[in-house]
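S.K.: Take this structure first; my questions come after.
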Amino acid sequence: MLSAHYKFWPKRLPMSLTVPETTLYDNLVMTAKRYPDKTAMYYYGTEMTYQEVYRQSELLAGYLQKLGVKSGERVILYLQNSPQFIVAFHAILRADAVVVPLNPMNMTDELRHYVEDSNAKVAIVGQELYHRIRPLVGSTELSSLIVAAYSDYLPSATDASASNAPAFMKTVPDFISASRKPTTDAFAMTWSDAIAAGLTASPSQADSSHLAVMPYTSGTTGLPKGCMHTHRSVQANTVGGCNWNGLYSDSVVLTVLPLFHVTGMVHSMLAPIYAGSEMVLMTRWDRDMAGRLIEYRKCTGWINISTMVVDFLMNPNVDDYDISSLQGIGGGGATLPEAVGEELYRRTGIRYAEGYGLSETISQTHFNPPDAPKLQCMGIPSFDVDARILDTETGIELGPNQEGELVVNGPQVFVGYFKRPDEDAKAFIDIDGKRFFRTGDLARFDEDGYFFMVDRVKRMVNAAGFKVWPSEVETILYRHPAIAQACVIGVPDARRGETVKAYIVPKASHRDAITADDIILWAREHMAAYKVPHLVAFVDSLPMSGSGKILWRKLQEDEAVAAAQNHK
């Protein structure tokens with residue numbers, strides 16, 4: 001087990017962390033007892049206390065049990081960020097069931113796989129998504145839907161709190177402010193009616209060993225797989241995140257990362273609830289709204305994804321917001337370009353702290369130390385994590401600055417894939433009597449014990465025998481003054497086998513002045529010849545996942561389809 005990183009360990013933090021033997025729902029119960037009247041969440045003008053979140057979670061749990069939800073059953077959560085997401089998440093746990101959080105961007109055909117694979121009978125859905133999941137009732141095991149309107153939690157014109165909210169709170173998208181729609185389907189119940197039913201849940205029998213959450217993988221290799229997490233594995237990162245990031249009862253967290261995604265779930269919901277912090281909740285990313293909310297609610301922390309930071313800093317109004325309350329900014333999912341990190345530091349005095357994790361590890365296995373972060377860096381292993389680099393061909397453990405597959409052992413590693421023992425056999429490896437998860441990510445660590453992502457094994461471009469890592473090329477491209485966003489992929493090439501192609505979103509100020517040749521000539525001056533993009537395409541935007549990651553696979557798949565058609 002590596003130890004060089006311990007000299008950079010945050011001051012006054014223990015190097016090992018005892019994970020609570022309580023459930024995630026117990027976190028809400030205890031916080032509601034400690035701070036009953038404290039604001040748990042602020043939602044576009046509405047304040048909701050911890051006592052109220054607890055009360056509604058109890059009532060919804062009673063209704064779920066009336067629908068027949070039993071211990072260990074999976075319940076689908078198909079909502080965008082909202083008070084209902086947070087209440088429903090905890091209500092499912094209170095019913096001793098398992099939360100299956102789904103990307104609200106999923107369409108009907110995609111939803112079918114999750115519903116069938118999880119054997120879910122009940123789903124809690126946003127009313128704007130209802131038409132997508134409704135066709136699956138009857139054609140799958142899904143039999144009951146609870147339908148939520150986000151506007152139920154917006155201040156009304158007669159609400160006294162509305163007069164205290166600034167005018168910009170009213171500038172929300174129509175789907176958020178849309179009035180509650182009645183449903184005539186016998187299998188559907190509105191959220192408000194489910195809460196108003198006033199049902200009492202039977203006593204919980206769950207403990208830390210029971211399954212709590214089952215996020216699905218992104219499906220990079222085959223169909224998405226359910227990752228089985230216990231209360232204990234999720235608690236490891238919930239409590240770890242609180243300690244590492246310094247979350248307290250008076251912290252104010254900008255909750256804008258999608259809560260269905262493990263990073264947002266842990267760091268923007270579960271960790272704040274454990275600490276008793278305030279969550280300033282956004283249903284949809286909006287850089288102007290984010291700036292205004294940081295200023296208005298005096299947000300102290302913002303966990304995000306790098307594309308949000310890029311967009312936030314590109315905002316011509318960014319200097320209009322007072323964001324001086326921020327004490328920490330960080331995230332994961334994709335590395336922040338160095339040039340963007342430096343600009344963020346110039347504007348805020350805060351060093352961006354990246355982390356690394358997966359659905360299989362319910363967010364972080366690595367954190368950058370808040371006082372000693374490195375840009376373009378995964379960080380150092382988190383509490384009680386044993387991380388190693390193995391040669392991809394021989395499996396031999398490698399040393400500093402040698403590239404190989406990252407494998408991890410730690411308290412946050414999942415139990416296994418739902419109903420997929422064959423996949424489990426391939427996903428884990430025993431080393432020194434310990435069970436390690438094979439991440440499929442290529443990485444290295446330096447002499448200080450900091451880990452750096454090289455790339456996904458599947459993403460490497462083999463250009464005439466040279467290995468090209470797209471993330472490395474992207475990092476350099478972001479230094480170009482005309483480039484706002486970049487995504488690099490490999491495309492078929494008759495001579496080289498594969499060649500490098502860059503999709504570029506130019507900055508508005510350079511949109512009409514930059515050409516593909518300009519980018520290529522600049523790249524030749526800043527990177528090895530074999531890494532230089534041979535093809536450049538300018539686009540207005542890049543495809544994004546619901547969690548804000550650039551969907552490089554979508555671009556690569558589109559290129560493969562186009563190449564196949566050209567050869568017909």
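Order determines the names: the first chain of the structure tokens is A, the second B, and so forth; residues in each chain are numbered 1 upward, and ligands are numbered 1 upward as they are shown.
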If we count only C-alpha atoms, what is near Lys507 in chain A at a cut-off of 10 Å, once residues fewer than 4 positions away on the same chain are taken out, given as a list in words?
M.R.: Met314, Pro481, Ala482, Ile483, Ala484, Gln485, Arg511, Asp512, Ile514 and Asp540 of chain A
S.K.: Write the selection just made, keeping N, CA and C atoms, as a compact mmCIF listing (two decimals), in the first residue's frame?
M.R.:
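To be explicit, this is the file written out as part-v5.txt:
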# COMPACT_ATOMS: atom_id res chain seq x y z
N MET A 314 -17.09 31.64 -18.75
CA MET A 314 -17.33 32.23 -20.08
C MET A 314 -18.45 33.26 -20.04
N PRO A 481 -6.34 30.41 -27.10
CA PRO A 481 -7.23 31.51 -26.69
C PRO A 481 -8.59 31.52 -27.36
N ALA A 482 -8.75 30.79 -28.48
CA ALA A 482 -10.02 30.81 -29.19
C ALA A 482 -10.94 29.65 -28.81
N ILE A 483 -10.44 28.70 -28.00
CA ILE A 483 -11.18 27.47 -27.74
C ILE A 483 -11.92 27.56 -26.41
N ALA A 484 -13.25 27.37 -26.47
CA ALA A 484 -14.07 27.31 -25.26
C ALA A 484 -14.18 25.89 -24.75
N GLN A 485 -14.41 24.94 -25.66
CA GLN A 485 -14.50 23.53 -25.30
C GLN A 485 -13.88 22.69 -26.40
N ARG A 511 -15.37 33.27 -33.00
CA ARG A 511 -16.15 32.33 -33.81
C ARG A 511 -15.95 32.52 -35.32
N ASP A 512 -15.86 33.73 -35.76
CA ASP A 512 -15.75 33.99 -37.20
C ASP A 512 -14.32 34.18 -37.67
N ILE A 514 -11.48 32.11 -36.51
CA ILE A 514 -10.61 30.95 -36.39
C ILE A 514 -10.94 29.91 -37.46
N ASP A 540 -21.36 24.12 -32.52
CA ASP A 540 -21.94 25.09 -31.59
C ASP A 540 -21.94 24.56 -30.16
S.K.: Let's see if you can do this: from backbone DSSP, list all strand (DSSP E) residues in range 402-563 of chain A, as number ranges by chain.
M.R.: A: 404-409, 416-417, 428-431, 434-445, 451-456, 461-463, 466-468, 483-493, 497-506, 535-538
S.K.: So which residues touch range 249-257 of chain A within 9 Å, counting only C-alpha atoms, skipping near sequence neighbours fewer than 3 positions away, as JSON, numbers by chain?
M.R.: {"A": [35, 81, 246, 260, 261, 263, 264, 265, 267, 268, 269, 272, 273, 274, 275, 276, 277, 278, 279, 280, 281, 282, 283, 284, 285, 290, 293, 294, 297, 298, 299, 300, 301, 302, 303, 304, 305, 547, 548]}
S.K.: Which is closer to Phe445 in chain A than all the others in A:Asp430, A:Glu116, A:Glu559, A:Glu405, using only C-alpha atoms?
M.R.: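 Closest residue, counting only C-alpha atoms: A:Glu405.
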S.K.: What is the CA of Thr39 in chain A-CA of Tyr248 in chain A distance in Å, reported with one decimal?
M.R.: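 Rounded to one decimal, the two atoms are 13.4 Å apart.
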S.K.: Could you tell me, as a ChimeraX atom specification, which residues of range 49-163 of chain A DSSP assigns to alpha helix (DSSP H) when given the backbone?
M.R.: /A:50-66,83-94,108-118,130-133
S.K.: Report, in Å with one decimal, the straight-line distance from CA of Ile519 in chain A to CA of Val500 in chain A.
M.R.: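 Going from CA of Ile519 in chain A over to CA of Val500 in chain A, I get 12.9 Å.
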S.K.: Applying 9 Å and only C-alpha atoms, which residues near Pro36 in chain A remain after dropping the ones on its own chain fewer than 6 positions away? List them as a list in words.
M.R.: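 What passes the distance filter is Thr49, Tyr50, Gln51 and Glu52 of chain A.
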S.K.: Using only C-alpha atoms, can you tell me which of A:Val125, A:His90, A:Ala165, A:Ser82 comes closest to Ser151 in chain A?
M.R.: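 For Ser151 in chain A, the nearest of the candidates is A:Ser82.
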S.K.: Can you pull out the residues contacting range 527-537 of chain A? Cut-off 7 Å, using only C-alpha atoms, and skip same-chain residues under 5 positions away; I want them as a VMD selection string.
M.R.: chain A and resid 466 468 473 499 to 504 516 520
S.K.: How would the residues just picked look written out with C-alpha atoms as a short mmCIF file (atom, residue, chain, number, x, y, z; two decimals), in the first residue's frame?
M.R.:
data_model
loop_
_atom_site.label_atom_id
_atom_site.label_comp_id
_atom_site.auth_asym_id
_atom_site.auth_seq_id
_atom_site.Cartn_x
_atom_site.Cartn_y
_atom_site.Cartn_z
CA PHE A 466 1.62 5.66 -31.52
CA VAL A 468 -2.53 8.99 -28.21
CA VAL A 473 -4.52 16.49 -26.32
CA THR A 499 -6.16 9.44 -36.66
CA VAL A 500 -6.95 12.24 -34.24
CA LYS A 501 -9.99 14.43 -34.72
CA ALA A 502 -10.88 17.44 -32.56
CA TYR A 503 -14.38 18.81 -32.10
CA ILE A 504 -14.08 22.46 -31.12
CA ALA A 516 -9.27 24.48 -38.78
CA ILE A 520 -3.73 22.48 -36.54
#
S.K.: Counting only C-alpha atoms, what is within 12 Å of Thr183 in chain A, bar same-chain residues fewer than 6 positions away, as a VMD selection string?
M.R.: chain A and resid 127 130 to 131 134 145 to 149 189 to 191 193
S.K.: Compile the contact shell of range 346-359 of chain A as a VMD selection string: residues with an atom at most 8 Å away, counting only C-alpha atoms, same-chain residues fewer than 2 positions apart removed.
M.R.: chain A and resid 215 to 217 227 261 to 262 323 to 324 327 to 333 335 to 336 341 to 344 361 to 370 373 to 379
S.K.: Find, counting only C-alpha atoms, the residue in A:Phe168, A:Ala95, A:Asp185, A:Leu64 that gets nearest to Val122 in chain A.
M.R.: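 Closest to Val122 in chain A of all the choices is A:Leu64.
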S.K.: May I have a table of the residues of range 396-488 of chain A lying at most 12 Å from range 14-19 of chain A, giving each one's closest pair of atoms and their distance in Å to one decimal, counting only C-alpha atoms, ordered by chain and ascending residue number, as CSV?
M.R.:
residue,atom,partner,partner_atom,distance
A:Gly410,CA,A:Ser16,CA,11.0
A:Pro411,CA,A:Val19,CA,8.2
A:Gln412,CA,A:Val19,CA,9.9
S.K.: May I ask for the distance between CA of Arg287 in chain A and CA of Val539 in chain A, given in Å to one decimal place?
M.R.: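 Between these atoms lies a distance of 20.4 Å.
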